[in-house]
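One structure is given below, encoded as structure tokens.
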Amino acid sequence: MADIIKLLPDHVANQIAAGEVVQRPASVVKELLENAIDAGSTTIKLIIKDGGKTLIQVVDNGAGMSETDARLSFERHATSKISSAQDLFNLQTKGFRGEALASIAAIAHVDMQTRTADHEVGTHIKIEGSKIVSQEVVATPKGTSISVKNLFFNIPARRNFLKSDQVELRHITDEFHRVALVHPNIEFHFYNNGSEIFNLPIAKHRQRIAHIFGSKMDGRLVPVNEETEVVTISGFICKPEFAKKSRGEQFFFANNRFIKSPYLHHAVVAAFEGLIKSHVYPGYFLFLAVDPSSIDINIHPTKTEVKFDDENTLYAILRSTIKHSLGQFNVAPILDFDHDPNLDTPYSYKEKGAVLPKVTVDASFNPFEEATTKRNHSGSGFQKQSSRGWENLYEGLGHQSETDGFSSVVIESENDGQGTLYSEESVEEHLASTFQLRRKYVVSTVKSGMLVIHQSRAHERILFEKFLGEITVKEGVSQQLLFPLELTFSKQELTILKEIEESLTNIGFAFESLEEETVKVTGVPMMVPESGIGMVLDRLISDYSEGFADGSISQAEMLAKALSRNLAVRTGDVLDQESQLTLVNNLFACKEPTLSPFQKITYTIISEGDIDKKFN
Ligand code: ADP
Ligand code: MG
């Protein structure tokens with residue numbers, strides 16, 4: 001048999017490598033920004049068009065390249081950053097593989113202009129799909145400007161796989177944050193479709209964080225500093241009360257490189273133990289400096305995963321350092337988040353004095369009486385007693401809504417009894433027969449047996465359908481605020497807010513001056529309490545940005561989900577009698593009453609047969 005193994009042509013090899021290095025526009029942004037930093041730049045401009053699909057350009061004022069280097073830089077494994085394997089253990093630069101430019105040039109149209117300080121004129125190179133189209137002399141400032149156009153032009157499958165411009169822009173912004181956060185000594189500008197979205201002057205770490213995430217962030221930061229033989233830790237954690245439901249503002253940098261480390265993340269969360277609930281995440285910006293020889297960043301081509309020599313020690317140091325900071329800045333002791341609402345005394349009971357338990361004695365009971373009379377007698381006695389006990393259970397509940405100052409959650413009726421589970425009269429009849437079980441379930445009776453409704457899931461379903469309807473038909477009722485509320489948002493949050501503004505307006509929100517960091521809220525949907533506006537918007541934005549990144553679901557659905565999740569009653573909320581009924585009625589008026597918007601079962605019916613079985 002003839003030999004069949006051949007070496008792949010370079011452009012094919014490059015295209016294959018590109019698959020690993022370049023997943024989306026954001027990967028290109030990362031590589032170009034890192035090259036600019038490695039070149040010693042002090043000012044870097046990032047220019048994006050259409051989520052990076054049309055243009056990604058990075059302009060720097062760094063060292064630049066000679067004519068030959070400019071050509072060579074697009075060859076695979078061509079790098080100025082390491083020359084021997086030994087150098088891998090002492091990396092001072094971000095790049096070292098010499099793969100990025102070769103990969104990018106294999107799958108896009110690349111245009112580069114570059115000049116070093118000791119040359120009068122620079123070089124202009126054009127490359128398309130690994131082929132050099134032209135190279136000529138050009139007058140250009142010192143430094144390098146690289147434009148990447150038509151990404152994946154020769155891999156349609158990849159190009160089609162890209163998400164909307166907004167989503168790609170968000171990925172790019174994430175990369176930009178990671179780079180900009182760790183280099184506050186470099187000035188950054190970021191332009192998207194012609195407008196400047198970030199202008200970051202040279203600053204200290206803390207200011208850089210505030211410039212990126214908005215000035216409100218400044219007040220939330222607690223400094224962290226520790227120097228040991230193994231590691232030097234600096235940076236900031238966010239105060240526990242600002243922990244968020246979504247991940248996002250969690251940054252680890254090791255030797256000035258953004259890294260992901262579930263293990264170290266766990267160390268931080270462990271330090272916050274007892275200060276935050278289990279489903280929220282603390283924010284942090286932590287910079288670790290370790291001996292370059294004790295860290296291996298080579299294990300993944302996109303280089304966010306690293307391996308530390310002594311992870312266990314690192315974990316312990318990190319955890320205790322953060323604990324120390326939390327204590328030192330007096331963040332820890334004043335908070336009481338681990339509060340179990342099930343242990344609260346219901347408000348309606350608070351004012352009541354203690355009541356002595358009574359023993360009811362059936363004075364007429366005579367065990368020696370005739371069997372027939374006995375059965376009658378004790379039978380009725382039993383019944384009476386039990387029904388009284390049953391009523392007693394309801395005594396507090398029936399009055400709850402009227403008792404002064406009682407602040408239970410009230411679910412407003414959305415539909416006027418149309419299409420409800422019960423007809424008008426049967427509502428009356430059922431008035432006494434819904435009750436709340438462990439502040440989690442609403443229990444009622446139906447023909448076939450006992451209906452048990454999960455209160456928070458059911459309410460989510462009701463609100464979800466309500467909001468979905470309002471967003472699409474634009475009929476939300478707005479409650480005008482007497483005094484507009486001023487809220488501050490970061491640039492990124494503002495971008496999202498603008499994206500969803502129309503839907504928010506449809507359901508009753510009204511905004512002024514959405515262009516600046518401080519937004520005026522002039523109206524809110526009826527359901528949103530004035531005190532909760534900031535929180536609802538914050539959560540909405542973070543839910544939305546999380547959900548949107550992973551899914552193809554419509555904006556309306558996404559928002560309706562986020563709103564329902566944030567506004568629904570929760571486990572632990574006391575519902576008055578009327579609210580319980582409204583909940584039952586509204587749930588069964590829904591199009592899809594069986595499932596919550598998050599695909600969880602909302603209710604179950606325990607049939608009479610099931611109950612009978614228990615008594616067998
Ligand atoms: P790596 O960064 O891993 O070395 P790249 O493919 O990203 O590989 O870049 C190849 C080489 O091109 C670099 O080693 C560097 O010498 C040069 N280079 C790339 N971008 C720039 C830039 N913005 N300024 C100066 N030199 C650059
Ligand atoms: Mg590089």
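How things are named: the first chain in the structure tokens is A, the next is B, and so on; residues count from 1 in each chain; ligands count from 1 in the order shown.
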> Counting only C-alpha atoms and all ligand atoms, which protein, DNA or RNA residues come within 12 Å of ligand 2, given as an NGL selection string?
Replying inline: :A and (21 or 27-39 or 73-74 or 76-82 or 93-104 or 301-303)
> Could you pull the residues within 6 Å of segment 516-519 of chain A, counting only C-alpha atoms, minus those fewer than 6 positions along the same chain, as a list in words?
Replying inline: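 So, after excluding close chain neighbours, the residues are Glu486, Leu487, Thr488 and Phe489 of chain A.
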> Between A:Asp87, A:Ser130, A:Asp118, A:Ile146, which one has atoms that come closest to ligand 1, using only C-alpha atoms and all ligand atoms?
Replying inline: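 Of all the options, A:Ile146 lies closest to ligand 1.
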>> At a cut-off of 7 Å, using only C-alpha atoms, what residues contact segment 258-263 of chain A? Leave out same-chain residues fewer than 4 positions from it and give the result as a list of chain:residue names.
In response: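 Listing them by chain and then by number gives A:Arg178, A:Phe252, A:Phe253, A:Ala254, A:Ala267, A:Thr304, A:Glu305, A:Val306.
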> What lies within 9 Å of Ile317 of chain A using only C-alpha atoms, ignoring chain neighbours under 4 positions off, as a list in words?
Replying inline: Glu226, Thr228, Val231, Ala267, Asn312, Thr313, Thr321 and Ile322 of chain A
Deliver the residues from the most recent selection as a file, using N, CA, C and O atoms, as an mmCIF file, in the first residue's frame.
```
data_model
loop_
_atom_site.group_PDB
_atom_site.id
_atom_site.type_symbol
_atom_site.label_atom_id
_atom_site.label_comp_id
_atom_site.auth_asym_id
_atom_site.auth_seq_id
_atom_site.Cartn_x
_atom_site.Cartn_y
_atom_site.Cartn_z
ATOM 1 N N GLU A 226 -3.138 41.198 51.583
ATOM 2 C CA GLU A 226 -2.405 40.211 52.362
ATOM 3 C C GLU A 226 -1.138 39.814 51.619
ATOM 4 O O GLU A 226 -1.150 39.626 50.407
ATOM 5 N N THR A 228 1.896 37.017 51.786
ATOM 6 C CA THR A 228 2.496 35.833 52.409
ATOM 7 C C THR A 228 3.612 35.343 51.492
ATOM 8 O O THR A 228 3.810 35.882 50.404
ATOM 9 N N VAL A 231 1.726 33.809 48.295
ATOM 10 C CA VAL A 231 0.908 34.642 47.416
ATOM 11 C C VAL A 231 0.750 36.043 48.013
ATOM 12 O O VAL A 231 0.761 36.216 49.233
ATOM 13 N N ALA A 267 -13.556 29.390 47.903
ATOM 14 C CA ALA A 267 -12.889 29.934 49.093
ATOM 15 C C ALA A 267 -13.502 31.281 49.474
ATOM 16 O O ALA A 267 -13.718 31.570 50.654
ATOM 17 N N ASN A 312 -4.303 24.148 47.831
ATOM 18 C CA ASN A 312 -4.917 24.055 49.159
ATOM 19 C C ASN A 312 -4.495 25.200 50.065
ATOM 20 O O ASN A 312 -5.312 25.793 50.759
ATOM 21 N N THR A 313 -3.212 25.509 50.026
ATOM 22 C CA THR A 313 -2.722 26.611 50.839
ATOM 23 C C THR A 313 -3.347 27.917 50.366
ATOM 24 O O THR A 313 -3.778 28.755 51.158
ATOM 25 N N THR A 321 -8.036 35.583 54.644
ATOM 26 C CA THR A 321 -7.803 36.999 54.330
ATOM 27 C C THR A 321 -9.126 37.735 54.155
ATOM 28 O O THR A 321 -9.318 38.839 54.665
ATOM 29 N N ILE A 322 -10.035 37.105 53.456
ATOM 30 C CA ILE A 322 -11.315 37.769 53.198
ATOM 31 C C ILE A 322 -12.139 37.867 54.479
ATOM 32 O O ILE A 322 -12.744 38.894 54.768
#
```
>> Could you go through segment 119-275 of chain A and tell me which residues DSSP, when run on the backbone, assigns to alpha helix (DSSP H), listing them as a ChimeraX atom specification?
In response: /A:156-161,165-182,205-213,262-271
>> Using only C-alpha atoms and all ligand atoms for the distances, tell me which of A:Asp573, A:Asp218, A:Asp60, A:Glu475 is nearest to ligand 1.
In response: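 The shortest atom-to-atom distance to ligand 1 comes from A:Asp60.
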>> Considering only strand (DSSP E or B) as DSSP defines it on the backbone, what residues of segment 85-250 of chain A qualify? List them as an MDAnalysis selection string.
In response: chainID A and resid 109:115 122:128 131:138 143:149 187:192 195:200 221:227 231:238 244 250
Resulting file, chosen residues, C-alpha atoms, as a PDB file, in the first residue's frame:
```
ATOM      1  CA  HIS A 109      -9.854  39.843   6.426  1.00  0.00           C
ATOM      2  CA  VAL A 110      -7.037  41.437   8.388  1.00  0.00           C
ATOM      3  CA  ASP A 111      -5.537  44.845   7.792  1.00  0.00           C
ATOM      4  CA  MET A 112      -2.532  45.916   9.864  1.00  0.00           C
ATOM      5  CA  GLN A 113      -0.539  49.140  10.014  1.00  0.00           C
ATOM      6  CA  THR A 114       2.445  49.282  12.293  1.00  0.00           C
ATOM      7  CA  ARG A 115       5.567  51.350  12.949  1.00  0.00           C
ATOM      8  CA  GLY A 122       5.596  51.973   8.790  1.00  0.00           C
ATOM      9  CA  THR A 123       4.219  48.864   7.099  1.00  0.00           C
ATOM     10  CA  HIS A 124       0.725  48.181   5.845  1.00  0.00           C
ATOM     11  CA  ILE A 125      -0.219  44.512   5.360  1.00  0.00           C
ATOM     12  CA  LYS A 126      -3.470  43.022   4.108  1.00  0.00           C
ATOM     13  CA  ILE A 127      -4.202  39.325   4.618  1.00  0.00           C
ATOM     14  CA  GLU A 128      -7.299  37.363   3.642  1.00  0.00           C
ATOM     15  CA  LYS A 131      -2.893  34.855   2.061  1.00  0.00           C
ATOM     16  CA  ILE A 132      -0.950  38.089   2.037  1.00  0.00           C
ATOM     17  CA  VAL A 133      -2.827  40.308  -0.414  1.00  0.00           C
ATOM     18  CA  SER A 134      -0.534  43.309  -0.189  1.00  0.00           C
ATOM     19  CA  GLN A 135       2.281  44.826   1.816  1.00  0.00           C
ATOM     20  CA  GLU A 136       3.332  48.409   1.338  1.00  0.00           C
ATOM     21  CA  VAL A 137       5.024  51.314   3.036  1.00  0.00           C
ATOM     22  CA  VAL A 138       2.737  53.690   4.914  1.00  0.00           C
ATOM     23  CA  GLY A 143       2.366  51.608  17.400  1.00  0.00           C
ATOM     24  CA  THR A 144       0.032  49.149  15.755  1.00  0.00           C
ATOM     25  CA  SER A 145      -3.477  49.238  14.385  1.00  0.00           C
ATOM     26  CA  ILE A 146      -5.120  45.949  13.428  1.00  0.00           C
ATOM     27  CA  SER A 147      -8.569  45.676  11.840  1.00  0.00           C
ATOM     28  CA  VAL A 148     -10.314  42.356  11.598  1.00  0.00           C
ATOM     29  CA  LYS A 149     -13.220  42.343   9.166  1.00  0.00           C
ATOM     30  CA  GLU A 187      -5.832  54.338  29.156  1.00  0.00           C
ATOM     31  CA  PHE A 188      -8.664  52.568  27.312  1.00  0.00           C
ATOM     32  CA  HIS A 189     -11.297  53.769  24.886  1.00  0.00           C
ATOM     33  CA  PHE A 190     -14.069  51.555  23.604  1.00  0.00           C
ATOM     34  CA  TYR A 191     -16.251  52.628  20.674  1.00  0.00           C
ATOM     35  CA  ASN A 192     -19.303  50.689  19.598  1.00  0.00           C
ATOM     36  CA  SER A 195     -20.181  56.001  19.956  1.00  0.00           C
ATOM     37  CA  GLU A 196     -17.756  55.863  22.841  1.00  0.00           C
ATOM     38  CA  ILE A 197     -19.098  53.506  25.504  1.00  0.00           C
ATOM     39  CA  PHE A 198     -16.048  53.454  27.775  1.00  0.00           C
ATOM     40  CA  ASN A 199     -13.450  56.119  28.356  1.00  0.00           C
ATOM     41  CA  LEU A 200     -11.101  54.914  31.054  1.00  0.00           C
ATOM     42  CA  LEU A 221     -16.006  47.905  48.033  1.00  0.00           C
ATOM     43  CA  VAL A 222     -14.057  46.593  50.978  1.00  0.00           C
ATOM     44  CA  PRO A 223     -10.283  46.427  50.449  1.00  0.00           C
ATOM     45  CA  VAL A 224      -8.425  43.140  50.765  1.00  0.00           C
ATOM     46  CA  ASN A 225      -4.677  43.012  51.290  1.00  0.00           C
ATOM     47  CA  GLU A 226      -2.405  40.211  52.362  1.00  0.00           C
ATOM     48  CA  GLU A 227       1.184  39.323  51.751  1.00  0.00           C
ATOM     49  CA  VAL A 231       0.908  34.642  47.416  1.00  0.00           C
ATOM     50  CA  THR A 232       0.242  38.348  47.580  1.00  0.00           C
ATOM     51  CA  ILE A 233      -3.451  39.179  47.515  1.00  0.00           C
ATOM     52  CA  SER A 234      -4.844  42.617  46.812  1.00  0.00           C
ATOM     53  CA  GLY A 235      -8.120  43.953  45.562  1.00  0.00           C
ATOM     54  CA  PHE A 236     -11.655  44.335  46.799  1.00  0.00           C
ATOM     55  CA  ILE A 237     -14.693  42.405  47.824  1.00  0.00           C
ATOM     56  CA  CYS A 238     -18.217  43.775  47.720  1.00  0.00           C
ATOM     57  CA  LYS A 244     -26.281  39.355  43.639  1.00  0.00           C
ATOM     58  CA  GLN A 250     -16.520  38.086  40.214  1.00  0.00           C
TER      59      GLN A 250
END
```
> Using only C-alpha atoms and all ligand atoms, which of the listed residues (A:Arg220, A:Arg71, A:His205, A:Lys613) sits closest to ligand 1?
Replying inline: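 Answer, going by the shortest atom-to-atom distance: A:Arg71.
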> Nearest to ligand 1 among A:Leu540, A:Val574, A:Ala70, A:Ile507, with distances taken over only C-alpha atoms and all ligand atoms: which residue is it?
Replying inline: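 Counting only C-alpha atoms and all ligand atoms, the residue closest to ligand 1 is A:Ala70.
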> Which residue, A:Glu530, A:Asp3, A:Glu75, A:Glu175, has the smallest gap to ligand 1 when you use only C-alpha atoms and all ligand atoms?
Replying inline: A:Glu75
>> Which residues are near Ala271 of chain A? Cut-off 12 Å, only C-alpha atoms, ignore same chain within fewer than 4 positions. Put them as a PyMOL selection string.
In response: chain A and resi 237+240+264-267+275-276+281-282+284+315-327+332
Can those selected residues be exported to a file as a PDB file, in the first residue's frame so that it contains N, CA and C atoms?
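Generated file (result_35.pdb):
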```
ATOM      1  N   ILE A 237     -13.477  43.212  47.857  1.00  0.00           N
ATOM      2  CA  ILE A 237     -14.693  42.405  47.824  1.00  0.00           C
ATOM      3  C   ILE A 237     -15.861  43.364  47.994  1.00  0.00           C
ATOM      4  N   PRO A 240     -21.426  42.325  51.792  1.00  0.00           N
ATOM      5  CA  PRO A 240     -22.371  41.208  51.636  1.00  0.00           C
ATOM      6  C   PRO A 240     -23.767  41.637  51.189  1.00  0.00           C
ATOM      7  N   LEU A 264     -11.108  28.448  43.906  1.00  0.00           N
ATOM      8  CA  LEU A 264     -10.854  29.682  44.650  1.00  0.00           C
ATOM      9  C   LEU A 264     -12.152  30.476  44.867  1.00  0.00           C
ATOM     10  N   HIS A 265     -13.043  30.389  43.894  1.00  0.00           N
ATOM     11  CA  HIS A 265     -14.349  31.037  44.066  1.00  0.00           C
ATOM     12  C   HIS A 265     -15.011  30.496  45.333  1.00  0.00           C
ATOM     13  N   HIS A 266     -14.873  29.207  45.496  1.00  0.00           N
ATOM     14  CA  HIS A 266     -15.462  28.564  46.662  1.00  0.00           C
ATOM     15  C   HIS A 266     -14.847  29.101  47.957  1.00  0.00           C
ATOM     16  N   ALA A 267     -13.556  29.390  47.903  1.00  0.00           N
ATOM     17  CA  ALA A 267     -12.889  29.934  49.093  1.00  0.00           C
ATOM     18  C   ALA A 267     -13.502  31.281  49.474  1.00  0.00           C
ATOM     19  N   LEU A 275     -23.095  35.209  56.041  1.00  0.00           N
ATOM     20  CA  LEU A 275     -23.375  36.625  55.775  1.00  0.00           C
ATOM     21  C   LEU A 275     -24.271  36.813  54.570  1.00  0.00           C
ATOM     22  N   ILE A 276     -24.297  35.810  53.703  1.00  0.00           N
ATOM     23  CA  ILE A 276     -25.161  35.921  52.530  1.00  0.00           C
ATOM     24  C   ILE A 276     -25.942  34.625  52.387  1.00  0.00           C
ATOM     25  N   TYR A 281     -24.406  35.498  45.128  1.00  0.00           N
ATOM     26  CA  TYR A 281     -22.960  35.432  45.013  1.00  0.00           C
ATOM     27  C   TYR A 281     -22.333  36.757  45.398  1.00  0.00           C
ATOM     28  N   PRO A 282     -21.265  36.701  46.169  1.00  0.00           N
ATOM     29  CA  PRO A 282     -20.594  37.951  46.516  1.00  0.00           C
ATOM     30  C   PRO A 282     -19.796  38.457  45.314  1.00  0.00           C
ATOM     31  N   TYR A 284     -16.472  40.277  43.752  1.00  0.00           N
ATOM     32  CA  TYR A 284     -15.083  40.466  44.155  1.00  0.00           C
ATOM     33  C   TYR A 284     -14.176  40.772  42.980  1.00  0.00           C
ATOM     34  N   TYR A 315      -6.141  28.352  48.938  1.00  0.00           N
ATOM     35  CA  TYR A 315      -7.536  28.362  49.376  1.00  0.00           C
ATOM     36  C   TYR A 315      -7.636  28.875  50.812  1.00  0.00           C
ATOM     37  N   ALA A 316      -6.816  28.306  51.670  1.00  0.00           N
ATOM     38  CA  ALA A 316      -6.884  28.665  53.089  1.00  0.00           C
ATOM     39  C   ALA A 316      -6.511  30.126  53.307  1.00  0.00           C
ATOM     40  N   ILE A 317      -5.469  30.568  52.627  1.00  0.00           N
ATOM     41  CA  ILE A 317      -5.029  31.957  52.803  1.00  0.00           C
ATOM     42  C   ILE A 317      -6.113  32.915  52.316  1.00  0.00           C
ATOM     43  N   LEU A 318      -6.653  32.605  51.149  1.00  0.00           N
ATOM     44  CA  LEU A 318      -7.667  33.469  50.555  1.00  0.00           C
ATOM     45  C   LEU A 318      -8.870  33.586  51.486  1.00  0.00           C
ATOM     46  N   ARG A 319      -9.308  32.457  51.975  1.00  0.00           N
ATOM     47  CA  ARG A 319     -10.491  32.451  52.820  1.00  0.00           C
ATOM     48  C   ARG A 319     -10.276  33.263  54.093  1.00  0.00           C
ATOM     49  N   SER A 320      -9.145  33.061  54.724  1.00  0.00           N
ATOM     50  CA  SER A 320      -8.970  33.769  55.990  1.00  0.00           C
ATOM     51  C   SER A 320      -8.695  35.255  55.751  1.00  0.00           C
ATOM     52  N   THR A 321      -8.036  35.583  54.644  1.00  0.00           N
ATOM     53  CA  THR A 321      -7.803  36.999  54.330  1.00  0.00           C
ATOM     54  C   THR A 321      -9.126  37.735  54.155  1.00  0.00           C
ATOM     55  N   ILE A 322     -10.035  37.105  53.456  1.00  0.00           N
ATOM     56  CA  ILE A 322     -11.315  37.769  53.198  1.00  0.00           C
ATOM     57  C   ILE A 322     -12.139  37.867  54.479  1.00  0.00           C
ATOM     58  N   LYS A 323     -12.106  36.820  55.256  1.00  0.00           N
ATOM     59  CA  LYS A 323     -12.797  36.860  56.552  1.00  0.00           C
ATOM     60  C   LYS A 323     -12.278  38.028  57.375  1.00  0.00           C
ATOM     61  N   HIS A 324     -10.975  38.153  57.348  1.00  0.00           N
ATOM     62  CA  HIS A 324     -10.342  39.221  58.101  1.00  0.00           C
ATOM     63  C   HIS A 324     -10.837  40.584  57.615  1.00  0.00           C
ATOM     64  N   SER A 325     -10.859  40.775  56.314  1.00  0.00           N
ATOM     65  CA  SER A 325     -11.310  42.060  55.774  1.00  0.00           C
ATOM     66  C   SER A 325     -12.752  42.329  56.153  1.00  0.00           C
ATOM     67  N   LEU A 326     -13.581  41.313  56.060  1.00  0.00           N
ATOM     68  CA  LEU A 326     -14.993  41.496  56.406  1.00  0.00           C
ATOM     69  C   LEU A 326     -15.129  41.914  57.859  1.00  0.00           C
ATOM     70  N   GLY A 327     -14.310  41.315  58.717  1.00  0.00           N
ATOM     71  CA  GLY A 327     -14.371  41.653  60.125  1.00  0.00           C
ATOM     72  C   GLY A 327     -13.797  43.018  60.397  1.00  0.00           C
ATOM     73  N   ALA A 332     -19.134  42.333  59.048  1.00  0.00           N
ATOM     74  CA  ALA A 332     -19.711  41.061  59.450  1.00  0.00           C
ATOM     75  C   ALA A 332     -20.794  41.100  60.534  1.00  0.00           C
TER      76      ALA A 332
END
```
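Compared by their closest atoms to Leu485 of chain A, and using only C-alpha atoms, the residues A:Pro201, A:Gly469, A:Gly40, A:Gly534 rank with A:Gly534 nearest.
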>> When you look at Val280 of chain A with a cut-off of 9 Å (counting only C-alpha atoms), what residues show up, excluding the ones that are within fewer than 3 positions of it in the same chain? I need them as a list in words.
In response: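 The residues satisfying every condition are Ala243, Lys244, Lys245, Ser246, Arg247, Ile276 and Lys277 of chain A.
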